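*Asks:* Supplied in structure tokens, the structure appears directly below.
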Amino acid sequence: MHRFHWLLLATVLTGCNPYVTAVSMTYGVATDARSVATQASDTEAESAVKASLLASPVAGTDSINVWCRQGVIVLAGVVPPGSQAGDAAVQIARTTPGVASVEIFFVSQQPSEAGDLEIEGEIKAAFAADPNVMEERASVGVYGGHVVLVGVVKDPSKIARYVADAQSVSGVRSVRSYIQLVN
């Protein structure tokens with residue numbers, strides 16, 4: 001147990017270290033297939049949508065995940081039947097400057113958030129173990145065992161590799177790829 005506490009402390013301190021954070025962010029920008037200007041525009045649009053979802057008076061919009069790649073907003077998450085959260089999120093995203101289009105992936109329930117987090121971790125590990133893909137280029141969301149992949153790649157064969165790696169993980173029910181080729 002003592003070793004666990006030291007490991008946890010080291011992990012927390014490393015994550016809080018501004019040098020480690022800066023190097024990680026710089027590496028992510030440098031290895032991204034998108035231009036720096038596109039990355040900045042996507043980050044601005046994604047942040048604006050997230051802020052608007054948090055400020056929305058419609059219940060449930062604050063729990064919808066948002067990604068933006070090349071002006072395409074992907075909204076994903078749990079939207080229970082009868083909820084207006086999905087419609088409100090789409091309307092918010094469509095009216096946000098810098099958004100070219102909106103894609104959605106909503107499920108009606110999430111039986112086990114812990115199980116989904118475990119699947120997400122296993123998918124990221126599969127990406128890291130595959131020399132043909134880079135984990136930094138695909139974001140992963142898991143909702144009731146349904147996987148959403150969002151990213152940008154230069155090589156079309158990488159899209160199939162990401163999907164295959166995600167499908168190889170136990171507990172995955174389906175994979176929806178929003179991975180695009182770089183413009």
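In the structure tokens, each chain is lettered A, B, ... as it comes, each chain's residues begin at 1, and ligands are numbered from 1 in order of appearance.
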Taking 5 positions as the minimum chain separation for residues in the same chain, which residues sit within 7 Å of stretch 110-113 of chain A when counting only C-alpha atoms? Answer as a list in words.
*Replies:*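 Counting only the stated atoms, we get Val78, Tyr143 and Gly144 of chain A.
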*Asks:* Please measure the separation of atom CA of A:Phe127 and atom CA of A:Ser35, giving the value in Å to one decimal.
*Replies:*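 Spanning atom CA of A:Phe127 to atom CA of A:Ser35 is a straight-line distance of 22.8 Å.
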*Asks:* For A:Glu120, please output as a count of residues only all residues within 12 Å (counting only C-alpha atoms; exclusion window: fewer than 3 positions along the same chain).
*Replies:* 31
*Asks:* From the options A:Arg161, A:Gln91, A:Val99, A:Pro80, which residue's atoms come nearest to A:Ala129, counting only C-alpha atoms?
*Replies:*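 Counting only C-alpha atoms, the residue closest to A:Ala129 is A:Arg161.
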*Asks:* Would you pick out the contacts of A:Gln39 at 10 Å or less, using only C-alpha atoms, so that residues sharing its chain but fewer than 5 positions from it are not included, and give the list as a compact mmCIF listing (two decimals) with C-alpha atoms, in the first residue's frame?
*Replies:*
```
# COMPACT_ATOMS: atom_id res chain seq x y z
CA VAL A 29 0.96 20.33 -31.45
CA ASP A 32 -0.73 16.79 -35.07
CA ALA A 33 -1.53 16.38 -38.78
CA ARG A 34 -3.40 19.71 -38.78
CA GLU A 44 -11.32 27.99 -30.09
CA ALA A 45 -14.51 26.48 -31.55
CA CYS A 68 -13.48 19.71 -32.96
CA ARG A 69 -11.28 18.64 -35.85
CA GLN A 70 -10.97 20.76 -39.01
CA GLY A 71 -14.13 22.69 -38.13
```
*Asks:* Using only C-alpha atoms, which of the listed residues (A:Ala37, A:Val153, A:Ala59, A:Val49) sits closest to A:Ile92?
*Replies:* A:Val49
*Asks:* Could you find all residues in chain A that DSSP calls strand (DSSP E) from the backbone, and write them as a ChimeraX atom specification?
*Replies:* /A:65-69,72-78,101-107,138-143,146-153,174-181
*Asks:* Would you mind writing down, as JSON, numbers by chain, each residue of chain A that DSSP on the backbone assigns to alpha helix (DSSP H)?
*Replies:* {"A": [2, 3, 4, 5, 6, 7, 8, 9, 10, 11, 12, 13, 14, 15, 16, 18, 19, 20, 21, 22, 23, 24, 25, 26, 27, 28, 29, 30, 31, 36, 37, 38, 39, 40, 41, 42, 43, 44, 45, 46, 47, 48, 49, 50, 51, 52, 53, 54, 55, 85, 86, 87, 88, 89, 90, 91, 92, 93, 94, 113, 114, 115, 116, 117, 118, 119, 120, 121, 122, 123, 124, 125, 126, 127, 128, 129, 156, 157, 158, 159, 160, 161, 162, 163, 164, 165, 166, 167]}
*Asks:* Based on the selection just made, write C-alpha atoms of those residues as an mmCIF file, in the first residue's frame.
*Replies:*
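The result, stored in selection.cif:
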```
data_model
loop_
_atom_site.group_PDB
_atom_site.id
_atom_site.type_symbol
_atom_site.label_atom_id
_atom_site.label_comp_id
_atom_site.auth_asym_id
_atom_site.auth_seq_id
_atom_site.Cartn_x
_atom_site.Cartn_y
_atom_site.Cartn_z
ATOM 1 C CA HIS A 2 2.877 2.359 0.806
ATOM 2 C CA ARG A 3 4.265 1.900 -2.716
ATOM 3 C CA PHE A 4 0.831 2.750 -4.165
ATOM 4 C CA HIS A 5 0.793 6.076 -2.292
ATOM 5 C CA TRP A 6 4.221 7.011 -3.664
ATOM 6 C CA LEU A 7 3.154 6.051 -7.175
ATOM 7 C CA LEU A 8 -0.031 8.102 -6.844
ATOM 8 C CA LEU A 9 1.921 11.085 -5.492
ATOM 9 C CA ALA A 10 4.465 10.858 -8.313
ATOM 10 C CA THR A 11 1.679 10.705 -10.898
ATOM 11 C CA VAL A 12 -0.093 13.727 -9.426
ATOM 12 C CA LEU A 13 3.092 15.770 -9.152
ATOM 13 C CA THR A 14 4.151 14.915 -12.689
ATOM 14 C CA GLY A 15 0.747 15.998 -13.969
ATOM 15 C CA CYS A 16 1.047 19.274 -12.048
ATOM 16 C CA PRO A 18 4.344 22.893 -15.730
ATOM 17 C CA TYR A 19 7.461 21.687 -17.569
ATOM 18 C CA VAL A 20 5.985 18.225 -18.179
ATOM 19 C CA THR A 21 2.670 19.778 -19.219
ATOM 20 C CA ALA A 22 4.392 22.222 -21.611
ATOM 21 C CA VAL A 23 6.493 19.484 -23.217
ATOM 22 C CA SER A 24 3.429 17.262 -23.609
ATOM 23 C CA MET A 25 1.393 20.073 -25.192
ATOM 24 C CA THR A 26 4.240 21.059 -27.516
ATOM 25 C CA TYR A 27 4.686 17.452 -28.623
ATOM 26 C CA GLY A 28 0.952 17.177 -29.309
ATOM 27 C CA VAL A 29 0.958 20.329 -31.453
ATOM 28 C CA ALA A 30 4.092 19.263 -33.316
ATOM 29 C CA THR A 31 2.809 15.759 -34.135
ATOM 30 C CA VAL A 36 -1.080 25.137 -36.155
ATOM 31 C CA ALA A 37 -3.663 27.643 -37.415
ATOM 32 C CA THR A 38 -6.259 24.876 -37.836
ATOM 33 C CA GLN A 39 -5.427 23.502 -34.391
ATOM 34 C CA ALA A 40 -5.938 26.975 -32.904
ATOM 35 C CA SER A 41 -9.230 27.482 -34.745
ATOM 36 C CA ASP A 42 -10.471 24.037 -33.678
ATOM 37 C CA THR A 43 -9.493 24.665 -30.070
ATOM 38 C CA GLU A 44 -11.318 27.992 -30.088
ATOM 39 C CA ALA A 45 -14.511 26.480 -31.553
ATOM 40 C CA GLU A 46 -14.382 23.471 -29.203
ATOM 41 C CA SER A 47 -13.892 25.717 -26.168
ATOM 42 C CA ALA A 48 -16.750 27.998 -27.221
ATOM 43 C CA VAL A 49 -19.137 25.053 -27.642
ATOM 44 C CA LYS A 50 -18.095 23.564 -24.291
ATOM 45 C CA ALA A 51 -18.594 26.911 -22.525
ATOM 46 C CA SER A 52 -22.023 27.357 -24.099
ATOM 47 C CA LEU A 53 -23.071 23.828 -23.130
ATOM 48 C CA LEU A 54 -22.021 24.491 -19.541
ATOM 49 C CA ALA A 55 -23.961 27.770 -19.501
ATOM 50 C CA ALA A 85 -30.055 18.096 -24.203
ATOM 51 C CA GLY A 86 -29.090 16.603 -27.573
ATOM 52 C CA ASP A 87 -31.148 19.046 -29.634
ATOM 53 C CA ALA A 88 -29.908 21.988 -27.560
ATOM 54 C CA ALA A 89 -26.282 20.873 -27.946
ATOM 55 C CA VAL A 90 -26.623 20.572 -31.723
ATOM 56 C CA GLN A 91 -28.208 24.040 -31.942
ATOM 57 C CA ILE A 92 -25.433 25.541 -29.805
ATOM 58 C CA ALA A 93 -22.714 23.899 -31.902
ATOM 59 C CA ARG A 94 -24.267 24.914 -35.228
ATOM 60 C CA GLU A 113 -19.263 4.444 -16.499
ATOM 61 C CA ALA A 114 -16.423 2.578 -14.776
ATOM 62 C CA GLY A 115 -16.620 -0.186 -17.384
ATOM 63 C CA ASP A 116 -16.519 2.396 -20.169
ATOM 64 C CA LEU A 117 -13.469 4.062 -18.631
ATOM 65 C CA GLU A 118 -11.752 0.677 -18.483
ATOM 66 C CA ILE A 119 -12.546 0.029 -22.149
ATOM 67 C CA GLU A 120 -11.245 3.500 -23.045
ATOM 68 C CA GLY A 121 -7.973 2.786 -21.242
ATOM 69 C CA GLU A 122 -7.589 -0.534 -23.030
ATOM 70 C CA ILE A 123 -8.218 1.113 -26.402
ATOM 71 C CA LYS A 124 -5.574 3.753 -25.697
ATOM 72 C CA ALA A 125 -3.178 0.981 -24.678
ATOM 73 C CA ALA A 126 -3.934 -0.820 -27.961
ATOM 74 C CA PHE A 127 -3.162 2.382 -29.866
ATOM 75 C CA ALA A 128 0.095 2.843 -27.963
ATOM 76 C CA ALA A 129 1.105 -0.766 -28.684
ATOM 77 C CA PRO A 156 -6.236 6.834 -44.996
ATOM 78 C CA SER A 157 -5.001 3.382 -43.945
ATOM 79 C CA LYS A 158 -4.520 4.727 -40.393
ATOM 80 C CA ILE A 159 -8.280 5.177 -40.020
ATOM 81 C CA ALA A 160 -8.829 1.452 -40.530
ATOM 82 C CA ARG A 161 -6.003 0.660 -38.073
ATOM 83 C CA TYR A 162 -7.568 2.825 -35.349
ATOM 84 C CA VAL A 163 -10.954 1.175 -35.880
ATOM 85 C CA ALA A 164 -9.416 -2.328 -35.878
ATOM 86 C CA ASP A 165 -7.454 -1.601 -32.695
ATOM 87 C CA ALA A 166 -10.601 -0.318 -30.961
ATOM 88 C CA GLN A 167 -12.659 -3.302 -32.155
#
```
*Asks:* Give me, please, the distance in Å between atom CA of A:Gln180 and atom CA of A:Asn132, quoted to one decimal.
*Replies:* 16.5 Å
*Asks:* State, in Å with one decimal place, the distance from atom CA of A:Met134 to atom CA of A:Leu181.
*Replies:*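 Pair atom CA of A:Met134 / atom CA of A:Leu181 returns 14.5 Å.
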*Asks:* Between A:Val107, A:Leu75, A:Ile179, A:Val152, which is the closest to A:Asp62 once you count only C-alpha atoms?
*Replies:* A:Leu75
*Asks:* Contacts of A:Phe106 at 7 Å or less, counting only C-alpha atoms, minus same-chain residues fewer than 5 places along, as a list in words?
*Replies:*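 Within the cut-off, the hits are Ala76, Gly77, Val78 and Val79 of chain A.
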*Asks:* Would you put the residues from that selection into a file with C-alpha atoms, as an mmCIF file, in the first residue's frame?
*Replies:*
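Saved the output as out-v5.cif:
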```cif
data_model
loop_
_atom_site.group_PDB
_atom_site.id
_atom_site.type_symbol
_atom_site.label_atom_id
_atom_site.label_comp_id
_atom_site.auth_asym_id
_atom_site.auth_seq_id
_atom_site.Cartn_x
_atom_site.Cartn_y
_atom_site.Cartn_z
ATOM 1 C CA ALA A 76 -21.117 12.497 -27.966
ATOM 2 C CA GLY A 77 -22.571 11.237 -24.746
ATOM 3 C CA VAL A 78 -25.600 10.004 -22.890
ATOM 4 C CA VAL A 79 -28.899 11.705 -23.716
#
```
